[in-house]
file upload-v1.cif (mmCIF, C-alpha atoms)
data_final
loop_
_atom_site.label_atom_id
_atom_site.label_comp_id
_atom_site.auth_asym_id
_atom_site.auth_seq_id
_atom_site.Cartn_x
_atom_site.Cartn_y
_atom_site.Cartn_z
CA MET M 1390 50.40 147.05 -215.60
CA ALA M 1391 50.27 148.70 -219.00
CA ASN M 1392 49.65 145.97 -221.53
CA LYS M 1393 46.92 144.83 -223.91
CA ASN M 1394 45.34 142.63 -221.25
CA ILE M 1395 44.58 145.54 -218.92
CA ASP M 1396 42.55 147.21 -221.68
CA SER M 1397 39.82 144.56 -221.33
CA TYR M 1398 39.50 145.41 -217.63
CA ILE M 1399 38.78 149.10 -218.27
CA PRO M 1400 35.28 148.69 -219.79
CA ALA M 1401 34.57 145.60 -217.67
CA PHE M 1402 35.27 147.32 -214.38
CA GLY M 1403 33.71 150.53 -215.72
CA ILE M 1404 30.41 148.70 -216.22
CA SER M 1405 30.88 146.99 -212.86
CA LEU M 1406 31.43 150.37 -211.19
CA MET M 1407 28.26 151.81 -212.73
CA VAL M 1408 26.09 148.79 -211.87
CA THR M 1409 27.51 148.42 -208.35
CA SER M 1410 27.20 152.11 -207.57
CA LEU M 1411 23.53 152.20 -208.63
CA LEU M 1412 22.71 148.93 -206.84
CA SER M 1413 24.39 150.23 -203.69
CA ALA M 1414 22.16 153.32 -203.78
CA LEU M 1415 19.10 151.12 -204.28
CA LEU M 1416 20.20 148.91 -201.39
CA VAL M 1417 20.17 152.03 -199.20
CA LEU M 1418 16.50 152.58 -200.09
CA VAL M 1419 15.64 148.92 -199.53
CA LYS M 1420 17.35 148.52 -196.17
CA GLU M 1421 16.18 151.88 -194.80
CA THR M 1422 12.54 151.22 -195.72
CA ASN M 1423 12.51 147.51 -194.86
CA LYS M 1424 13.38 146.64 -191.27
CA PRO M 1425 13.74 142.86 -191.80
CA VAL M 1426 16.33 143.51 -194.54
CA LYS M 1427 18.30 145.86 -192.29
CA ALA M 1428 18.06 143.39 -189.40
CA TRP M 1429 19.30 140.59 -191.68
CA MET M 1430 22.22 142.77 -192.80
CA GLU M 1431 23.05 143.56 -189.17
CA ALA M 1432 22.88 139.90 -188.19
CA LEU M 1433 25.21 138.87 -190.99
CA THR M 1434 28.29 140.84 -189.92
CA GLY M 1435 27.22 142.68 -186.78
CA HIS M 1436 26.54 145.97 -188.60
CA HIS M 1437 24.37 146.74 -191.62
CA TRP M 1438 27.04 149.06 -193.04
CA THR M 1439 29.69 146.35 -192.91
CA THR M 1440 27.41 143.95 -194.77
CA HIS M 1441 26.60 146.70 -197.26
CA GLY M 1442 30.31 147.25 -197.86
CA VAL M 1443 31.07 143.55 -198.28
CA LEU M 1444 28.22 143.18 -200.79
CA VAL M 1445 29.21 146.28 -202.77
CA LEU M 1446 32.93 145.55 -202.93
CA GLY M 1447 32.39 141.85 -203.57
CA LEU M 1448 29.97 142.57 -206.41
CA PHE M 1449 32.34 145.14 -207.93
CA VAL M 1450 35.26 142.70 -208.04
CA VAL M 1451 33.29 139.62 -209.15
CA LEU M 1452 31.26 141.47 -211.78
CA GLY M 1453 34.38 143.18 -213.15
CA LEU M 1454 36.30 139.91 -213.43
CA VAL M 1455 33.35 138.11 -215.04
CA LEU M 1456 32.69 140.91 -217.55
CA ALA M 1457 36.39 141.02 -218.49
CA ARG M 1458 36.00 137.42 -219.73
CA ILE M 1459 32.99 138.29 -221.91
CA PRO M 1460 34.32 139.70 -225.21
CA SER M 1461 31.34 142.00 -225.85
CA ALA M 1462 31.62 143.52 -222.36
CA ALA M 1463 35.42 143.67 -222.36
CA THR M 1464 35.36 145.79 -225.52
CA ALA M 1465 32.18 147.79 -224.85
CA ARG M 1466 32.78 151.49 -225.42
CA PHE M 1467 29.99 152.24 -222.98
CA GLY M 1468 32.03 150.72 -220.15
CA ALA M 1469 34.87 153.17 -220.63
CA ASP M 1470 32.70 156.18 -221.40
CA ALA M 1471 33.45 159.05 -219.02
CA ARG M 1472 29.92 160.47 -219.28
CA ALA M 1473 28.31 157.12 -218.45
CA VAL M 1474 30.54 156.64 -215.40
CA ALA M 1475 29.86 160.20 -214.23
CA ALA M 1476 26.11 159.83 -214.77
CA ALA M 1477 25.95 156.57 -212.79
CA VAL M 1478 27.90 158.01 -209.86
CA ILE M 1479 25.94 161.28 -209.84
CA VAL M 1480 22.58 159.49 -210.01
CA SER M 1481 23.70 157.17 -207.18
CA GLY M 1482 24.69 160.17 -205.09
CA LEU M 1483 21.41 161.93 -205.77
CA ILE M 1484 19.42 158.82 -204.80
CA ILE M 1485 21.31 158.52 -201.49
CA ALA M 1486 21.34 162.22 -200.59
CA GLY M 1487 17.75 162.69 -201.84
CA PHE M 1488 16.50 159.82 -199.72
CA TYR M 1489 18.06 161.08 -196.49
CA LEU M 1490 16.99 164.65 -197.26
CA ALA M 1491 13.42 163.48 -197.69
CA GLU M 1492 13.65 161.57 -194.39
CA LEU M 1493 14.52 164.72 -192.37
CA MET U 1171 43.75 157.79 -177.33
CA THR U 1172 43.57 155.11 -180.05
CA LYS U 1173 40.07 156.28 -180.89
CA GLU U 1174 41.23 159.87 -181.37
CA ILE U 1175 44.23 158.84 -183.49
CA ILE U 1176 42.00 156.76 -185.76
CA LEU U 1177 39.58 159.67 -186.01
CA MET U 1178 42.41 162.00 -187.12
CA LEU U 1179 44.00 159.52 -189.53
CA HIS U 1180 40.70 158.91 -191.38
CA PRO U 1181 40.34 162.45 -192.82
CA THR U 1182 44.13 162.81 -193.15
CA PHE U 1183 44.39 159.82 -195.49
CA GLY U 1184 41.20 161.00 -197.21
CA MET U 1185 42.62 164.45 -197.90
CA LEU U 1186 45.93 162.98 -199.09
CA ALA U 1187 43.90 160.82 -201.50
CA VAL U 1188 42.08 163.93 -202.75
CA LEU U 1189 45.46 165.63 -203.31
CA ALA U 1190 46.63 162.55 -205.23
CA ALA U 1191 43.48 162.81 -207.38
CA VAL U 1192 44.29 166.47 -208.16
CA TRP U 1193 47.83 165.37 -209.00
CA VAL U 1194 46.54 162.69 -211.39
CA PHE U 1195 44.08 165.16 -212.95
CA VAL U 1196 46.76 167.78 -213.68
CA ASP U 1197 49.27 165.22 -214.95
CA VAL U 1198 46.66 163.65 -217.27
CA LEU U 1199 45.84 167.09 -218.70
CA ASN U 1200 49.48 167.18 -219.76
CA ALA U 1201 49.93 163.45 -220.35
CA ASN U 1202 53.07 162.44 -222.23
CA GLN U 1203 55.70 159.70 -222.17
CA ARG U 1204 57.65 161.44 -219.42
CA ASN U 1205 54.83 161.63 -216.86
CA LEU U 1206 53.01 158.39 -217.74
CA ALA U 1207 54.71 156.36 -215.01
CA ARG U 1208 54.01 159.16 -212.52
CA ILE U 1209 50.29 159.16 -213.44
CA ARG U 1210 50.08 155.44 -212.76
CA SER U 1211 52.08 155.68 -209.53
CA ALA U 1212 49.90 158.53 -208.25
CA SER U 1213 46.76 156.58 -209.16
CA LEU U 1214 47.98 153.59 -207.17
CA ALA U 1215 48.98 155.82 -204.26
CA LEU U 1216 45.47 157.32 -204.30
CA THR U 1217 43.92 153.84 -204.10
CA VAL U 1218 46.07 152.89 -201.10
CA LEU U 1219 45.34 156.18 -199.32
CA MET U 1220 41.58 155.95 -199.92
CA TRP U 1221 41.47 152.36 -198.72
CA LEU U 1222 43.37 153.34 -195.57
CA SER U 1223 40.86 156.14 -195.00
CA PHE U 1224 37.98 153.72 -195.59
CA ILE U 1225 39.30 150.98 -193.29
CA LEU U 1226 40.14 153.38 -190.45
CA GLY U 1227 36.92 155.39 -190.83
CA GLY U 1228 34.85 152.24 -191.15
CA TYR U 1229 36.43 150.70 -188.05
CA TRP U 1230 35.82 153.89 -186.06
CA TYR U 1231 32.25 154.15 -187.35
CA VAL U 1232 31.31 150.57 -186.46
CA ARG U 1233 33.23 150.53 -183.16
CA TYR U 1234 32.82 154.02 -181.68
CA TYR U 1235 30.27 156.14 -183.55
CA GLY U 1236 27.28 154.92 -181.52
CA ILE U 1237 28.14 157.24 -178.61
CA ASP U 1238 28.56 160.28 -180.87
CA LYS U 1239 25.37 159.38 -182.71
CA ALA U 1240 23.39 159.41 -179.46
CA ILE U 1241 24.86 162.82 -178.53
CA ILE U 1242 24.05 164.28 -181.96
CA LYS U 1243 20.49 162.95 -182.00
CA ALA U 1244 19.80 164.37 -178.54
CA GLY U 1245 21.37 167.73 -179.43
CA PRO U 1246 20.26 170.75 -181.47
CA TRP U 1247 21.80 169.46 -184.73
CA PRO U 1248 20.20 166.01 -185.28
CA PHE U 1249 20.52 166.55 -189.05
CA ALA U 1250 24.31 166.17 -188.62
CA HIS U 1251 23.62 162.46 -188.24
CA ALA U 1252 20.28 162.04 -190.05
CA PHE U 1253 21.51 163.63 -193.27
CA PHE U 1254 25.26 164.24 -193.27
CA MET U 1255 26.52 161.07 -191.56
CA GLU U 1256 24.00 158.79 -193.26
CA THR U 1257 24.81 160.26 -196.67
CA LYS U 1258 28.55 160.25 -195.98
CA GLU U 1259 28.73 156.61 -194.90
CA HIS U 1260 26.88 155.47 -198.03
CA LEU U 1261 28.45 157.86 -200.53
CA PHE U 1262 31.81 156.51 -199.47
CA PHE U 1263 31.10 153.31 -201.42
CA PRO U 1264 31.00 154.94 -204.89
CA LEU U 1265 34.04 156.98 -203.85
CA LEU U 1266 35.90 153.80 -202.93
CA LEU U 1267 34.86 152.14 -206.20
CA LEU U 1268 36.11 155.15 -208.20
CA SER U 1269 39.38 155.12 -206.23
CA THR U 1270 39.85 151.41 -206.92
CA TYR U 1271 38.98 151.89 -210.59
CA LEU U 1272 41.33 154.83 -211.23
CA PRO U 1273 44.59 152.84 -211.52
CA ILE U 1274 42.84 150.38 -213.84
CA ALA U 1275 41.70 153.21 -216.12
CA ALA U 1276 45.14 154.85 -215.93
CA ALA U 1277 46.93 151.62 -216.81
CA GLY U 1278 45.35 151.37 -220.28
CA SER U 1279 47.68 151.22 -223.26
CA ARG U 1280 45.76 153.99 -225.08
CA LEU U 1281 46.07 156.71 -222.46
CA LEU U 1282 48.44 158.86 -224.52
CA ALA U 1283 46.91 158.14 -227.93
CA ASP U 1284 43.20 158.22 -227.15
CA ARG U 1285 41.44 161.33 -225.88
CA SER U 1286 38.44 159.37 -224.60
CA ALA U 1287 40.80 157.25 -222.44
CA ARG U 1288 42.21 160.45 -220.91
CA ASN U 1289 38.69 161.86 -220.43
CA LEU U 1290 37.76 158.74 -218.46
CA VAL U 1291 40.73 159.17 -216.10
CA LEU U 1292 40.06 162.92 -215.79
CA THR U 1293 36.39 162.30 -214.97
CA VAL U 1294 37.14 159.61 -212.40
CA ALA U 1295 39.79 161.80 -210.75
CA ALA U 1296 37.43 164.82 -210.73
CA LEU U 1297 34.63 162.76 -209.15
CA ILE U 1298 37.07 161.55 -206.48
CA VAL U 1299 37.99 165.17 -205.70
CA LEU U 1300 34.33 166.27 -205.47
CA LEU U 1301 33.16 163.29 -203.42
CA GLY U 1302 36.29 163.46 -201.25
CA LEU U 1303 35.68 167.11 -200.43
CA ALA U 1304 32.02 166.30 -199.70
CA MET U 1305 33.21 163.60 -197.28
CA GLU U 1306 35.55 166.03 -195.54
CA GLY U 1307 32.84 168.69 -195.24
CA SER U 1308 30.28 166.18 -193.96
CA GLY U 1309 32.78 164.91 -191.40
CA ALA U 1310 33.27 168.46 -190.14
CA ILE U 1311 29.49 168.93 -189.77
CA VAL U 1312 29.19 165.61 -187.90
CA ALA U 1313 31.96 166.72 -185.52
CA LEU U 1314 30.15 170.04 -185.02
CA GLY U 1315 26.94 168.11 -184.36
CA VAL U 1316 28.69 166.30 -181.50
CA LYS U 1317 30.10 169.57 -180.19
CA MET U 1318 26.70 171.25 -180.28
CA GLY U 1319 25.19 168.27 -178.49
CA LEU U 1320 27.83 168.38 -175.75
CA LEU U 1321 27.45 172.14 -175.33
CA GLY U 1322 23.69 171.69 -175.13
CA LYS U 1323 23.09 174.76 -177.30
#

call {"tool": "encode", "arguments": {"input": "upload-v1.cif", "output": "structure tokens"}}
result
Amino acid sequence: MANKNIDSYIPAFGISLMVTSLLSALLVLVKETNKPVKAWMEALTGHHWTTHGVLVLGLFVVLGLVLARIPSAATARFGADARAVAAAVIVSGLIIAGFYLAEL
Amino acid sequence: MTKEIILMLHPTFGMLAVLAAVWVFVDVLNANQRNLARIRSASLALTVLMWLSFILGGYWYVRYYGIDKAIIKAGPWPFAHAFFMETKEHLFFPLLLLSTYLPIAAAGSRLLADRSARNLVLTVAALIVLLGLAMEGSGAIVALGVKMGLLGK
């Protein structure tokens, strides 16, 4: 796995991870505050969580592969920056936990 | 019986994945030519373990959790579902993304030469440990929520 080619996937999938994580958190807000959206997600696969998972994982893979083919994204330092990845994941977690805490 | 086995395997694979993340973290702190292959193997093992935990937990959640959810909501600990389960089921997605990303980050050709490359792997592994432990703790609270509901206390 260790070759020059894999290096382009590190920032590409790093950016994909950040974007997907934040969008997933926002999707939680949208589906929990919008019944038609949640009903649509349930109808699609039988369970809103399954649809959520398919969307998140699909977006992560597709976005990562697409970004790896874009030179500016495949070499972006931001995509492989530990602080940026940590910030995106922490903010996503705070959005999700904060929302459900506020709903109690 | 199948339901119970799935329910036990979910946190077991999750905890093994957390241990693999600790392993990766420690090895990357001391990264050198001799442990490079081990770092990459452990990263891949972590991904497999976390995916197994996700698939088994997800199957159990979609297939069986409805009954437990009703018991929790009718019991004295409704927050076990309303906060802990809801947060857990959605926080698992970033955890799964991090677990899938780790072997990609660890496979880079600059892992030994570049400190920022090591910091990325260390950060991803540390986040997996923290989120993984949060999942385990939340799962325990959800189980207690069911128990409290059944006891009617």

call {"tool": "resolve_selection", "arguments": {"input": "upload-v1.cif", "expression": "the PyMOL selection byres ((chain U) within 10 of (chain M))", "output": "PyMOL selection string"}}
result
chain U and resi 1207+1210+1228-1229+1231-1233+1248-1249+1252-1268+1270-1281+1286-1294+1296-1297+1301

call {"tool": "axis_aligned_box", "arguments": {"input": "upload-v1.cif", "around": "segment 1445-1457 of chain M", "padding_each_side": "5 Å", "output": "lines of an AutoDock Vina configuration file"}}
result
center_x = 32.8
center_y = 142.2
center_z = -210.6
size_x = 17.2
size_y = 18.2
size_z = 25.7

call {"tool": "resolve_selection", "arguments": {"input": "upload-v1.cif", "expression": "the PyMOL selection byres ((chain U and resi 1235-1246) around 6)", "output": "list of chain:residue names"}}
result
U:Tyr1231, U:Tyr1234, U:Trp1247, U:Pro1248, U:Gly1315, U:Val1316, U:Gly1319

call {"tool": "write_last_selection", "arguments": {"input": "upload-v1.cif", "atoms": "C-alpha atoms", "output": "PDB file, in the coordinates of the input"}}
result
ATOM      1  CA  TYR U1231      32.250 154.150-187.350  1.00  0.00           C
ATOM      2  CA  TYR U1234      32.820 154.020-181.680  1.00  0.00           C
ATOM      3  CA  TRP U1247      21.800 169.460-184.730  1.00  0.00           C
ATOM      4  CA  PRO U1248      20.200 166.010-185.280  1.00  0.00           C
ATOM      5  CA  GLY U1315      26.940 168.110-184.360  1.00  0.00           C
ATOM      6  CA  VAL U1316      28.690 166.300-181.500  1.00  0.00           C
ATOM      7  CA  GLY U1319      25.190 168.270-178.490  1.00  0.00           C
TER       8      GLY U1319
END

call {"tool": "atom_distance", "arguments": {"input": "upload-v1.cif", "atom1": "atom CA of Ala1310 of chain U", "atom2": "atom CA of Val1218 of chain U"}}
result
22.9 Å

call {"tool": "atom_distance", "arguments": {"input": "upload-v1.cif", "atom1": "atom CA of Ala1191 of chain U", "atom2": "atom CA of Leu1303 of chain U"}}
result
11.3 Å

call {"tool": "closest_residue", "arguments": {"input": "upload-v1.cif", "among": "U:Ala1295, U:Trp1230, U:Ile1225, U:Met1318", "to": "Val1198 of chain U", "atoms": "only C-alpha atoms"}}
result
U:Ala1295

call {"tool": "atom_distance", "arguments": {"input": "upload-v1.cif", "atom1": "atom CA of Val1419 of chain M", "atom2": "atom CA of Ala1462 of chain M"}}
result
28.4 Å

call {"tool": "decode", "arguments": {"input": "upload-v1.cif", "residues": "segment 1408-1444 of chain M", "atoms": "N, CA and C atoms", "output": "mmCIF file, in the first residue's frame"}}
result
data_model
loop_
_atom_site.group_PDB
_atom_site.id
_atom_site.type_symbol
_atom_site.label_atom_id
_atom_site.label_comp_id
_atom_site.auth_asym_id
_atom_site.auth_seq_id
_atom_site.Cartn_x
_atom_site.Cartn_y
_atom_site.Cartn_z
ATOM 1 N N VAL M 1408 -15.682 16.798 5.446
ATOM 2 C CA VAL M 1408 -16.949 17.240 4.826
ATOM 3 C C VAL M 1408 -18.082 16.273 5.193
ATOM 4 N N THR M 1409 -17.808 14.972 5.050
ATOM 5 C CA THR M 1409 -18.848 13.968 5.309
ATOM 6 C C THR M 1409 -19.276 13.972 6.768
ATOM 7 N N SER M 1410 -18.306 14.105 7.658
ATOM 8 C CA SER M 1410 -18.615 14.119 9.090
ATOM 9 C C SER M 1410 -19.524 15.298 9.437
ATOM 10 N N LEU M 1411 -19.189 16.474 8.915
ATOM 11 C CA LEU M 1411 -20.001 17.671 9.201
ATOM 12 C C LEU M 1411 -21.385 17.566 8.548
ATOM 13 N N LEU M 1412 -21.426 17.072 7.311
ATOM 14 C CA LEU M 1412 -22.729 16.926 6.633
ATOM 15 C C LEU M 1412 -23.599 15.894 7.340
ATOM 16 N N SER M 1413 -22.973 14.853 7.861
ATOM 17 C CA SER M 1413 -23.727 13.833 8.596
ATOM 18 C C SER M 1413 -24.381 14.438 9.841
ATOM 19 N N ALA M 1414 -23.614 15.294 10.531
ATOM 20 C CA ALA M 1414 -24.164 15.967 11.729
ATOM 21 C C ALA M 1414 -25.323 16.894 11.334
ATOM 22 N N LEU M 1415 -25.152 17.588 10.216
ATOM 23 C CA LEU M 1415 -26.226 18.482 9.755
ATOM 24 C C LEU M 1415 -27.456 17.685 9.319
ATOM 25 N N LEU M 1416 -27.215 16.501 8.741
ATOM 26 C CA LEU M 1416 -28.337 15.646 8.338
ATOM 27 C C LEU M 1416 -29.147 15.189 9.558
ATOM 28 N N VAL M 1417 -28.447 15.011 10.677
ATOM 29 C CA VAL M 1417 -29.154 14.672 11.929
ATOM 30 C C VAL M 1417 -30.143 15.786 12.268
ATOM 31 N N LEU M 1418 -29.667 17.027 12.211
ATOM 32 C CA LEU M 1418 -30.540 18.174 12.529
ATOM 33 C C LEU M 1418 -31.721 18.229 11.561
ATOM 34 N N VAL M 1419 -31.420 18.046 10.281
ATOM 35 C CA VAL M 1419 -32.475 18.157 9.254
ATOM 36 C C VAL M 1419 -33.530 17.067 9.440
ATOM 37 N N LYS M 1420 -33.096 15.841 9.581
ATOM 38 C CA LYS M 1420 -34.084 14.742 9.642
ATOM 39 C C LYS M 1420 -34.863 14.739 10.959
ATOM 40 N N GLU M 1421 -34.212 15.196 12.048
ATOM 41 C CA GLU M 1421 -34.902 15.192 13.340
ATOM 42 C C GLU M 1421 -35.866 16.374 13.489
ATOM 43 N N THR M 1422 -35.689 17.399 12.674
ATOM 44 C CA THR M 1422 -36.581 18.565 12.777
ATOM 45 C C THR M 1422 -37.542 18.648 11.580
ATOM 46 N N ASN M 1423 -37.436 17.676 10.679
ATOM 47 C CA ASN M 1423 -38.243 17.705 9.464
ATOM 48 C C ASN M 1423 -38.827 16.309 9.214
ATOM 49 N N LYS M 1424 -40.067 16.112 9.613
ATOM 50 C CA LYS M 1424 -40.668 14.776 9.536
ATOM 51 C C LYS M 1424 -40.731 14.192 8.122
ATOM 52 N N PRO M 1425 -41.059 15.012 7.095
ATOM 53 C CA PRO M 1425 -41.064 14.432 5.740
ATOM 54 C C PRO M 1425 -39.695 13.875 5.312
ATOM 55 N N VAL M 1426 -38.629 14.564 5.731
ATOM 56 C CA VAL M 1426 -37.277 14.088 5.386
ATOM 57 C C VAL M 1426 -37.018 12.746 6.059
ATOM 58 N N LYS M 1427 -37.367 12.651 7.340
ATOM 59 C CA LYS M 1427 -37.146 11.402 8.079
ATOM 60 C C LYS M 1427 -38.004 10.278 7.488
ATOM 61 N N ALA M 1428 -39.242 10.613 7.124
ATOM 62 C CA ALA M 1428 -40.138 9.613 6.527
ATOM 63 C C ALA M 1428 -39.586 9.139 5.181
ATOM 64 N N TRP M 1429 -39.037 10.078 4.406
ATOM 65 C CA TRP M 1429 -38.429 9.721 3.115
ATOM 66 C C TRP M 1429 -37.227 8.797 3.333
ATOM 67 N N MET M 1430 -36.416 9.118 4.337
ATOM 68 C CA MET M 1430 -35.241 8.286 4.633
ATOM 69 C C MET M 1430 -35.667 6.897 5.102
ATOM 70 N N GLU M 1431 -36.750 6.834 5.856
ATOM 71 C CA GLU M 1431 -37.256 5.529 6.314
ATOM 72 C C GLU M 1431 -37.785 4.715 5.141
ATOM 73 N N ALA M 1432 -38.489 5.402 4.246
ATOM 74 C CA ALA M 1432 -39.089 4.715 3.100
ATOM 75 C C ALA M 1432 -38.029 4.157 2.148
ATOM 76 N N LEU M 1433 -36.906 4.820 2.093
ATOM 77 C CA LEU M 1433 -35.862 4.440 1.133
ATOM 78 C C LEU M 1433 -35.245 3.071 1.431
ATOM 79 N N THR M 1434 -34.936 2.827 2.703
ATOM 80 C CA THR M 1434 -34.283 1.548 3.049
ATOM 81 C C THR M 1434 -35.014 0.781 4.144
ATOM 82 N N GLY M 1435 -36.071 1.361 4.681
ATOM 83 C CA GLY M 1435 -36.791 0.700 5.768
ATOM 84 C C GLY M 1435 -36.451 1.278 7.128
ATOM 85 N N HIS M 1436 -35.335 2.022 7.199
ATOM 86 C CA HIS M 1436 -34.939 2.653 8.475
ATOM 87 C C HIS M 1436 -34.125 3.916 8.169
ATOM 88 N N HIS M 1437 -34.467 5.007 8.855
ATOM 89 C CA HIS M 1437 -33.760 6.271 8.578
ATOM 90 C C HIS M 1437 -32.264 6.165 8.826
ATOM 91 N N TRP M 1438 -31.882 5.358 9.824
ATOM 92 C CA TRP M 1438 -30.462 5.226 10.170
ATOM 93 C C TRP M 1438 -29.690 4.484 9.077
ATOM 94 N N THR M 1439 -30.343 3.514 8.476
ATOM 95 C CA THR M 1439 -29.696 2.774 7.379
ATOM 96 C C THR M 1439 -29.456 3.708 6.199
ATOM 97 N N THR M 1440 -30.467 4.493 5.863
ATOM 98 C CA THR M 1440 -30.322 5.462 4.768
ATOM 99 C C THR M 1440 -29.225 6.469 5.101
ATOM 100 N N HIS M 1441 -29.224 6.930 6.339
ATOM 101 C CA HIS M 1441 -28.195 7.874 6.794
ATOM 102 C C HIS M 1441 -26.801 7.266 6.579
ATOM 103 N N GLY M 1442 -26.649 6.023 6.971
ATOM 104 C CA GLY M 1442 -25.366 5.339 6.826
ATOM 105 C C GLY M 1442 -24.955 5.184 5.378
ATOM 106 N N VAL M 1443 -25.887 4.798 4.534
ATOM 107 C CA VAL M 1443 -25.591 4.621 3.104
ATOM 108 C C VAL M 1443 -25.153 5.952 2.492
ATOM 109 N N LEU M 1444 -25.869 7.030 2.842
ATOM 110 C CA LEU M 1444 -25.522 8.355 2.307
ATOM 111 C C LEU M 1444 -24.128 8.790 2.773
#
